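Structure file model16.csv (CSV, C-alpha atoms) is printed below.
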```
chain,number,residue,atom,x,y,z
A,1,MET,CA,110.8,195.5,56.2
A,2,ASP,CA,108.8,194.4,59.2
A,3,ILE,CA,108.2,191.0,57.8
A,4,LEU,CA,111.9,190.6,57.3
A,5,LYS,CA,112.7,191.5,60.9
A,6,GLN,CA,110.2,189.0,62.1
A,7,ILE,CA,111.7,186.3,60.0
A,8,GLU,CA,115.2,187.1,61.1
A,9,ASN,CA,114.2,186.9,64.7
A,10,GLU,CA,112.5,183.6,64.1
A,11,LEU,CA,115.2,181.9,62.1
A,12,VAL,CA,118.4,183.3,63.8
A,13,GLU,CA,119.1,183.7,67.4
A,14,VAL,CA,121.2,186.5,68.7
A,15,LYS,CA,122.7,185.9,72.1
A,16,ASN,CA,122.5,188.5,74.7
A,17,PHE,CA,125.9,190.1,74.9
A,18,PRO,CA,126.9,193.0,77.1
A,19,PHE,CA,126.9,196.4,75.5
A,20,PHE,CA,130.1,197.3,73.7
A,21,LYS,CA,131.1,199.8,71.0
A,22,SER,CA,134.2,201.0,69.2
A,23,GLY,CA,137.1,201.7,71.5
A,24,TYR,CA,136.2,198.9,73.9
A,25,THR,CA,138.7,196.1,74.5
A,26,VAL,CA,136.9,192.8,74.4
A,27,THR,CA,137.7,189.1,74.6
A,28,VAL,CA,135.7,187.0,72.2
A,29,SER,CA,135.4,183.2,73.0
A,30,TYR,CA,135.1,181.6,69.6
A,31,LYS,CA,134.4,177.9,69.0
A,32,ILE,CA,136.7,176.2,66.5
A,33,LYS,CA,136.0,172.8,65.0
A,34,GLU,CA,139.0,170.7,64.2
A,35,GLY,CA,137.9,167.4,62.7
A,36,ASN,CA,135.3,166.3,65.2
A,37,LYS,CA,136.9,168.0,68.2
A,38,GLU,CA,135.7,171.4,69.3
A,39,ARG,CA,137.8,173.9,71.3
A,40,ILE,CA,137.3,177.5,72.3
A,41,GLN,CA,139.8,180.2,71.2
A,42,GLN,CA,140.1,183.5,73.0
A,43,TYR,CA,140.5,186.5,70.8
A,44,GLN,CA,141.3,189.8,72.5
A,45,GLY,CA,141.5,193.2,70.9
A,46,VAL,CA,140.0,196.6,70.3
A,47,VAL,CA,136.6,196.9,68.7
A,48,ILE,CA,137.1,199.3,65.7
A,49,GLN,CA,133.6,199.2,64.3
A,50,ARG,CA,130.1,197.7,64.6
A,51,ARG,CA,128.2,197.7,61.3
A,52,GLY,CA,124.8,196.6,60.1
A,53,SER,CA,121.7,195.9,62.1
A,54,GLY,CA,119.7,193.0,63.4
A,55,VAL,CA,121.0,189.5,62.7
A,56,THR,CA,123.4,190.7,59.9
A,57,GLU,CA,125.3,193.0,62.3
A,58,THR,CA,129.0,192.4,62.5
A,59,PHE,CA,131.8,193.8,64.5
A,60,THR,CA,135.6,194.1,63.8
A,61,VAL,CA,138.2,193.4,66.5
A,62,ARG,CA,141.8,194.5,65.9
A,63,LYS,CA,144.7,193.1,67.9
A,64,MET,CA,148.5,193.3,67.6
A,65,SER,CA,149.9,189.8,67.1
A,66,GLY,CA,153.6,190.5,67.7
A,67,ASN,CA,154.3,193.3,65.3
A,68,ILE,CA,151.5,192.5,62.9
A,69,GLY,CA,148.0,194.0,63.2
A,70,VAL,CA,145.3,191.3,62.9
A,71,GLU,CA,141.7,192.3,62.3
A,72,ARG,CA,138.8,189.8,62.6
A,73,ILE,CA,135.2,190.4,61.6
A,74,PHE,CA,132.6,188.5,63.7
A,75,PRO,CA,128.9,188.3,62.8
A,76,ILE,CA,127.1,189.0,66.0
A,77,ALA,CA,124.6,186.2,65.4
A,78,SER,CA,127.3,183.6,64.7
A,79,PRO,CA,126.6,180.4,66.6
A,80,PHE,CA,130.3,180.0,67.1
A,81,ILE,CA,130.6,183.0,69.4
A,82,GLU,CA,130.4,181.5,72.9
A,83,ASP,CA,130.9,184.7,74.9
A,84,ILE,CA,132.0,188.3,74.7
A,85,VAL,CA,133.8,189.7,77.8
A,86,ILE,CA,134.5,193.4,78.1
A,87,ASN,CA,138.0,194.1,79.4
A,88,LYS,CA,138.2,197.9,79.0
A,89,ARG,CA,135.7,200.6,78.2
A,90,GLY,CA,137.7,202.9,76.0
A,91,PHE,CA,136.6,206.5,75.2
A,92,VAL,CA,136.7,207.4,71.5
A,93,ARG,CA,134.9,210.1,69.6
A,94,ARG,CA,134.2,208.0,66.4
A,95,ALA,CA,131.9,205.2,65.7
A,96,ARG,CA,134.5,203.7,63.4
A,97,ILE,CA,138.0,204.2,64.6
A,98,PHE,CA,140.0,203.3,61.4
A,99,TYR,CA,142.6,205.9,62.3
A,100,PHE,CA,143.6,203.4,65.0
A,101,ARG,CA,145.3,201.3,62.3
A,102,GLU,CA,148.0,203.8,61.6
A,103,ARG,CA,148.8,204.2,65.3
A,104,THR,CA,151.5,202.2,67.0
A,105,GLY,CA,153.2,202.4,70.4
A,106,LYS,CA,152.2,205.3,72.6
A,107,SER,CA,149.8,206.9,70.2
A,108,ALA,CA,147.8,203.6,70.0
A,109,ARG,CA,146.5,204.0,73.5
A,110,ILE,CA,142.8,204.7,74.1
A,111,ARG,CA,141.7,206.8,77.1
A,112,GLU,CA,139.5,204.8,79.4
A,113,LYS,CA,136.0,205.9,80.4
A,114,ARG,CA,135.9,206.4,84.2
A,115,SER,CA,132.7,208.2,85.3
A,116,ALA,CA,130.1,205.9,86.8
A,117,ALA,CA,127.4,208.2,85.3
A,118,SER,CA,128.5,207.8,81.8
A,119,LEU,CA,128.9,204.0,82.3
A,120,ALA,CA,125.3,203.8,83.6
A,121,ALA,CA,124.1,205.9,80.7
A,122,GLN,CA,125.8,203.6,78.2
A,123,ALA,CA,124.4,200.5,79.9
A,124,ALA,CA,120.9,202.0,79.7
A,125,LYS,CA,121.2,202.4,76.0
B,126,MET,CA,106.6,173.5,35.6
B,127,PRO,CA,104.5,174.2,38.7
B,128,GLY,CA,105.1,177.6,40.2
B,129,ILE,CA,103.7,180.6,42.0
B,130,ILE,CA,103.6,184.3,41.9
B,131,GLY,CA,105.3,186.2,44.7
B,132,ARG,CA,106.8,189.4,46.0
B,133,LYS,CA,110.4,190.0,47.0
B,134,VAL,CA,110.5,190.9,50.7
B,135,GLY,CA,114.3,191.4,51.1
B,136,MET,CA,117.6,189.8,51.8
B,137,THR,CA,119.1,188.6,55.1
B,138,SER,CA,121.4,185.8,56.2
B,139,ILE,CA,120.7,182.6,58.1
B,140,TYR,CA,123.0,180.0,59.6
B,141,SER,CA,123.2,176.5,58.4
B,142,ALA,CA,123.5,173.5,60.7
B,143,GLU,CA,127.3,173.7,60.6
B,144,GLY,CA,127.1,177.3,61.6
B,145,LYS,CA,127.9,178.8,58.2
B,146,ALA,CA,126.2,182.2,57.4
B,147,THR,CA,124.2,181.9,54.2
B,148,PRO,CA,123.0,184.9,52.2
B,149,CYS,CA,119.3,184.4,51.4
B,150,THR,CA,116.2,186.1,50.0
B,151,VAL,CA,112.8,186.1,51.6
B,152,ILE,CA,109.9,185.9,49.2
B,153,GLU,CA,106.3,186.2,49.9
B,154,ALA,CA,105.0,183.3,47.8
B,155,GLY,CA,101.3,183.5,47.3
B,156,PRO,CA,98.5,182.8,48.2
B,157,CYS,CA,97.5,182.7,44.5
B,158,VAL,CA,94.0,181.9,43.1
B,159,VAL,CA,93.4,179.9,40.0
B,160,THR,CA,91.7,182.3,37.7
B,161,GLN,CA,91.6,180.2,34.5
B,162,VAL,CA,92.2,176.6,33.6
B,163,LYS,CA,93.4,176.1,30.0
B,164,THR,CA,92.8,172.7,28.4
B,165,GLN,CA,94.0,170.9,25.4
B,166,ASP,CA,90.5,170.9,23.8
B,167,ARG,CA,89.8,174.5,24.3
B,168,ASP,CA,93.2,176.3,24.1
B,169,GLY,CA,95.5,173.8,22.5
B,170,TYR,CA,97.6,173.3,25.6
B,171,GLU,CA,97.3,172.5,29.3
B,172,ALA,CA,98.0,175.2,31.8
B,173,ILE,CA,96.5,177.1,34.7
B,174,GLN,CA,96.5,180.9,35.3
B,175,LEU,CA,97.2,182.2,38.7
B,176,GLY,CA,96.3,185.6,40.2
B,177,PHE,CA,98.3,187.3,43.0
B,178,GLY,CA,98.0,190.5,44.9
B,179,GLU,CA,94.9,192.7,45.3
B,180,ARG,CA,93.8,195.4,43.0
B,181,LYS,CA,91.1,198.0,43.5
B,182,GLU,CA,87.7,197.3,41.9
B,183,LYS,CA,87.6,200.8,40.4
B,184,ASN,CA,91.0,200.3,38.7
B,185,THR,CA,89.9,197.0,37.1
B,186,PRO,CA,88.6,197.1,33.5
B,187,ASN,CA,85.2,195.5,33.1
B,188,ALA,CA,86.5,192.7,30.9
B,189,LEU,CA,88.9,191.7,33.7
B,190,LYS,CA,86.2,192.0,36.4
B,191,GLY,CA,84.2,189.4,34.5
B,192,HIS,CA,87.2,187.2,34.3
B,193,PHE,CA,87.7,187.3,38.1
B,194,LYS,CA,84.0,186.9,38.7
B,195,LYS,CA,84.1,183.6,36.9
B,196,ALA,CA,86.7,182.3,39.3
B,197,ASN,CA,84.6,183.8,42.2
B,198,THR,CA,87.5,185.9,43.5
B,199,THR,CA,88.4,189.6,44.1
B,200,PRO,CA,90.4,191.4,41.3
B,201,LYS,CA,94.1,190.4,41.3
B,202,SER,CA,97.0,192.7,40.3
B,203,THR,CA,99.2,190.1,38.6
B,204,LEU,CA,98.3,187.1,36.5
B,205,ALA,CA,100.7,184.4,35.2
B,206,GLU,CA,100.4,181.0,33.6
B,207,PHE,CA,102.0,177.8,34.8
B,208,LYS,CA,102.2,174.3,33.4
B,209,GLY,CA,102.5,171.1,35.3
B,210,PHE,CA,99.7,171.5,37.9
B,211,ASP,CA,97.3,168.6,38.1
B,212,GLY,CA,93.6,168.5,39.2
B,213,LEU,CA,93.2,172.2,40.1
B,214,ASN,CA,89.8,173.9,39.5
B,215,LEU,CA,88.7,177.5,39.1
B,216,GLY,CA,89.0,179.4,42.4
B,217,ASP,CA,91.4,177.0,44.1
B,218,VAL,CA,94.1,178.5,46.2
B,219,VAL,CA,97.8,177.7,45.6
B,220,ASP,CA,100.2,178.6,48.4
B,221,ALA,CA,103.8,178.3,49.5
B,222,THR,CA,103.3,174.6,50.6
B,223,ILE,CA,103.9,173.5,47.0
B,224,PHE,CA,107.6,174.0,47.7
B,225,GLU,CA,109.7,171.8,49.9
B,226,GLU,CA,112.9,172.6,51.7
B,227,GLY,CA,116.0,171.6,49.8
B,228,GLU,CA,114.2,171.8,46.4
B,229,TYR,CA,115.7,173.8,43.5
B,230,VAL,CA,113.6,176.7,42.0
B,231,GLY,CA,114.0,179.3,39.3
B,232,VAL,CA,113.0,182.9,40.0
B,233,SER,CA,112.1,185.4,37.3
B,234,GLY,CA,111.6,189.1,37.8
B,235,THR,CA,112.3,192.5,36.5
B,236,SER,CA,115.8,193.7,37.3
B,237,LYS,CA,116.5,197.1,38.8
B,238,GLY,CA,116.6,199.8,36.1
B,239,LYS,CA,119.9,201.6,35.7
B,240,GLY,CA,118.8,204.0,33.0
B,241,PHE,CA,120.9,204.8,29.9
B,242,GLN,CA,124.4,203.6,30.6
B,243,GLY,CA,127.7,203.7,28.7
B,244,VAL,CA,129.7,200.6,27.6
B,245,VAL,CA,132.0,200.6,30.6
B,246,LYS,CA,129.1,200.0,33.1
B,247,ARG,CA,126.8,198.1,30.7
B,248,HIS,CA,129.2,195.7,29.1
B,249,GLY,CA,132.3,195.9,31.2
B,250,PHE,CA,134.6,197.6,28.6
B,251,GLY,CA,137.9,198.7,30.0
B,252,GLY,CA,137.7,202.3,28.9
B,253,VAL,CA,140.9,204.0,27.7
B,254,GLY,CA,142.9,203.5,30.9
B,255,GLN,CA,145.0,206.7,30.4
B,256,SER,CA,143.9,210.1,31.5
B,257,THR,CA,146.8,212.0,30.0
B,258,HIS,CA,148.6,211.7,26.6
B,259,GLY,CA,146.0,213.6,24.7
B,260,GLN,CA,142.9,211.7,25.9
B,261,HIS,CA,140.9,214.8,26.5
B,262,ASN,CA,137.3,213.5,27.0
B,263,ARG,CA,137.4,210.0,25.6
B,264,LEU,CA,138.1,208.1,28.8
B,265,ARG,CA,135.0,205.9,28.8
B,266,ALA,CA,134.5,205.7,25.0
B,267,PRO,CA,133.9,202.4,23.3
B,268,GLY,CA,136.6,202.8,20.7
B,269,SER,CA,136.2,201.3,17.2
B,270,ILE,CA,132.9,199.6,16.3
B,271,GLY,CA,134.2,198.0,13.1
B,272,ALA,CA,136.3,198.2,10.0
B,273,CYS,CA,135.9,200.7,7.1
B,274,SER,CA,134.8,200.1,3.5
B,275,TYR,CA,134.5,196.4,4.1
B,276,PRO,CA,131.9,195.5,5.6
B,277,ALA,CA,130.9,199.2,5.4
B,278,ARG,CA,128.3,198.6,8.1
B,279,VAL,CA,128.1,197.9,11.8
B,280,PHE,CA,127.5,194.3,12.7
B,281,LYS,CA,124.2,193.4,14.4
B,282,GLY,CA,124.6,192.9,18.2
B,283,MET,CA,127.6,195.2,18.5
B,284,ARG,CA,127.8,196.1,22.2
B,285,MET,CA,127.0,199.8,22.7
B,286,ALA,CA,125.6,202.2,25.2
B,287,GLY,CA,121.9,202.0,26.0
B,288,GLN,CA,119.2,201.1,28.5
B,289,MET,CA,120.5,198.9,31.3
B,290,GLY,CA,118.4,196.9,33.7
B,291,ASN,CA,114.6,197.0,33.9
B,292,LYS,CA,114.3,193.8,31.9
B,293,THR,CA,113.2,190.3,32.7
B,294,VAL,CA,116.0,188.3,34.4
B,295,VAL,CA,115.8,184.6,35.4
B,296,VAL,CA,117.9,183.1,38.1
B,297,GLU,CA,117.8,179.3,38.1
B,298,ASN,CA,118.9,176.6,40.6
B,299,LEU,CA,118.2,178.4,43.8
B,300,VAL,CA,117.9,176.2,46.8
B,301,VAL,CA,114.8,176.6,49.0
B,302,LEU,CA,116.2,176.9,52.5
B,303,LYS,CA,112.9,177.3,54.4
B,304,VAL,CA,109.2,177.2,53.8
B,305,LEU,CA,107.1,179.1,56.3
B,306,ALA,CA,103.7,178.0,55.3
B,307,ASP,CA,101.7,179.9,58.0
B,308,LYS,CA,103.1,183.2,56.7
B,309,ASN,CA,103.3,182.1,53.1
B,310,LEU,CA,106.9,182.9,52.9
B,311,ILE,CA,109.8,181.0,51.4
B,312,VAL,CA,113.5,181.6,51.9
B,313,VAL,CA,115.8,180.9,49.0
B,314,LYS,CA,119.6,180.9,48.9
B,315,GLY,CA,121.2,183.7,47.1
B,316,SER,CA,119.8,186.8,45.4
B,317,ILE,CA,116.9,187.3,43.0
B,318,PRO,CA,116.3,190.0,40.4
B,319,GLY,CA,114.4,193.3,41.3
B,320,ALA,CA,113.9,195.7,44.1
B,321,LYS,CA,112.2,194.9,47.4
B,322,GLY,CA,108.5,194.7,46.9
B,323,SER,CA,108.8,193.8,43.2
B,324,THR,CA,106.7,190.9,41.8
B,325,VAL,CA,108.5,187.7,40.8
B,326,THR,CA,107.4,184.3,39.6
B,327,ILE,CA,108.9,181.2,41.2
B,328,GLU,CA,109.0,178.0,39.3
B,329,LYS,CA,110.1,174.5,40.2
```
Spell out the structure here as structure tokens.
Amino acid sequence: MDILKQIENELVEVKNFPFFKSGYTVTVSYKIKEGNKERIQQYQGVVIQRRGSGVTETFTVRKMSGNIGVERIFPIASPFIEDIVINKRGFVRRARIFYFRERTGKSARIREKRSAASLAAQAAK
Amino acid sequence: MPGIIGRKVGMTSIYSAEGKATPCTVIEAGPCVVTQVKTQDRDGYEAIQLGFGERKEKNTPNALKGHFKKANTTPKSTLAEFKGFDGLNLGDVVDATIFEEGEYVGVSGTSKGKGFQGVVKRHGFGGVGQSTHGQHNRLRAPGSIGACSYPARVFKGMRMAGQMGNKTVVVENLVVLKVLADKNLIVVKGSIPGAKGSTVTIEK
């Protein structure tokens, strides 16, 4: 296993993103190639899961586009991800909040984390 | 064709120049030692025998000990023959540098054993598809295996339940994505047979 991790670190570069987990609202800046032009698309939504480890880790971001829920899975090591900005630190009790898919309107709100201590603890992790 | 003995390290994904994620397998390829050179005169065909992996002296039969001593090397755990090498002598070392990036290789290994399996898992039969209407316990049964008084036997090769996996599987035309010569590792695109740590042979 160790050899594999070494190789992964050598061959694939994971950028240093701020800590985020499920329940957080993030904005992902994603590079899109059209012909030979490149532009950056902003994708904002709630993180509903992070899965995998190392360079194969992915995270899923769900947003409501009009009335339709859109989920997008990003590999964390993808070279197309320019930046991840945290907009809201939501408090949830699950690592994977799939129940969020069935929620709409008022019930689809996520309580925000407020205490500075808990924020500091999360950042330290 | 020239080849090498290796060990499956595991799977991961790497990114191509265009930024596409590619699933790939890391293989520890060699270093292997030439333990025997077979010649047309002596053996009737040209080949070399490579040895890979260490084996304890006390677990090596005396006959094999002598074999390894001839090549002036320590006892190896796996031996395999390859054709198509030129100008190698006894005791020479073959390593991952025989491969180039972008080259196609075939990998052969022993697949993961699944045990004794029924026809649904082993051959992809559909099963009955109904759990009611008197099916009782025949949900995953194979059904008829042939006609009655003619031919009055079951044809050879009829697909039935039995041992699945744990047999030699060859996967061909895998692209070599990376060669890490200093660590004796190669990275090929896609999957290869066997569990992590299992021995495989890689041929050009």
Determine the nearest neighbour of Ala77 of chain A from the options A:Leu11, A:Val46, A:Val92, A:Leu4, counting all atoms listed in the file.
A:Leu11
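Atom CA of Arg62 of chain A to atom CA of Gly45 of chain A spans 5.2 Å [interatomic distance, one decimal].
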Computed interatomic separation between atom CA of Pro75 of chain A and atom CA of Gly90 of chain A (Å):
21.6 Å
Pull out every residue of chain B that has at least one atom within 10 Å of chain A, counting only C-alpha atoms, and report them as a ChimeraX atom specification.
/B:134-146,148,150-153,303,305,308,310,312,321-322
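Interatomic distance, atom CA of Thr104 of chain A against atom CA of Asn87 of chain A: 20.0 Å.
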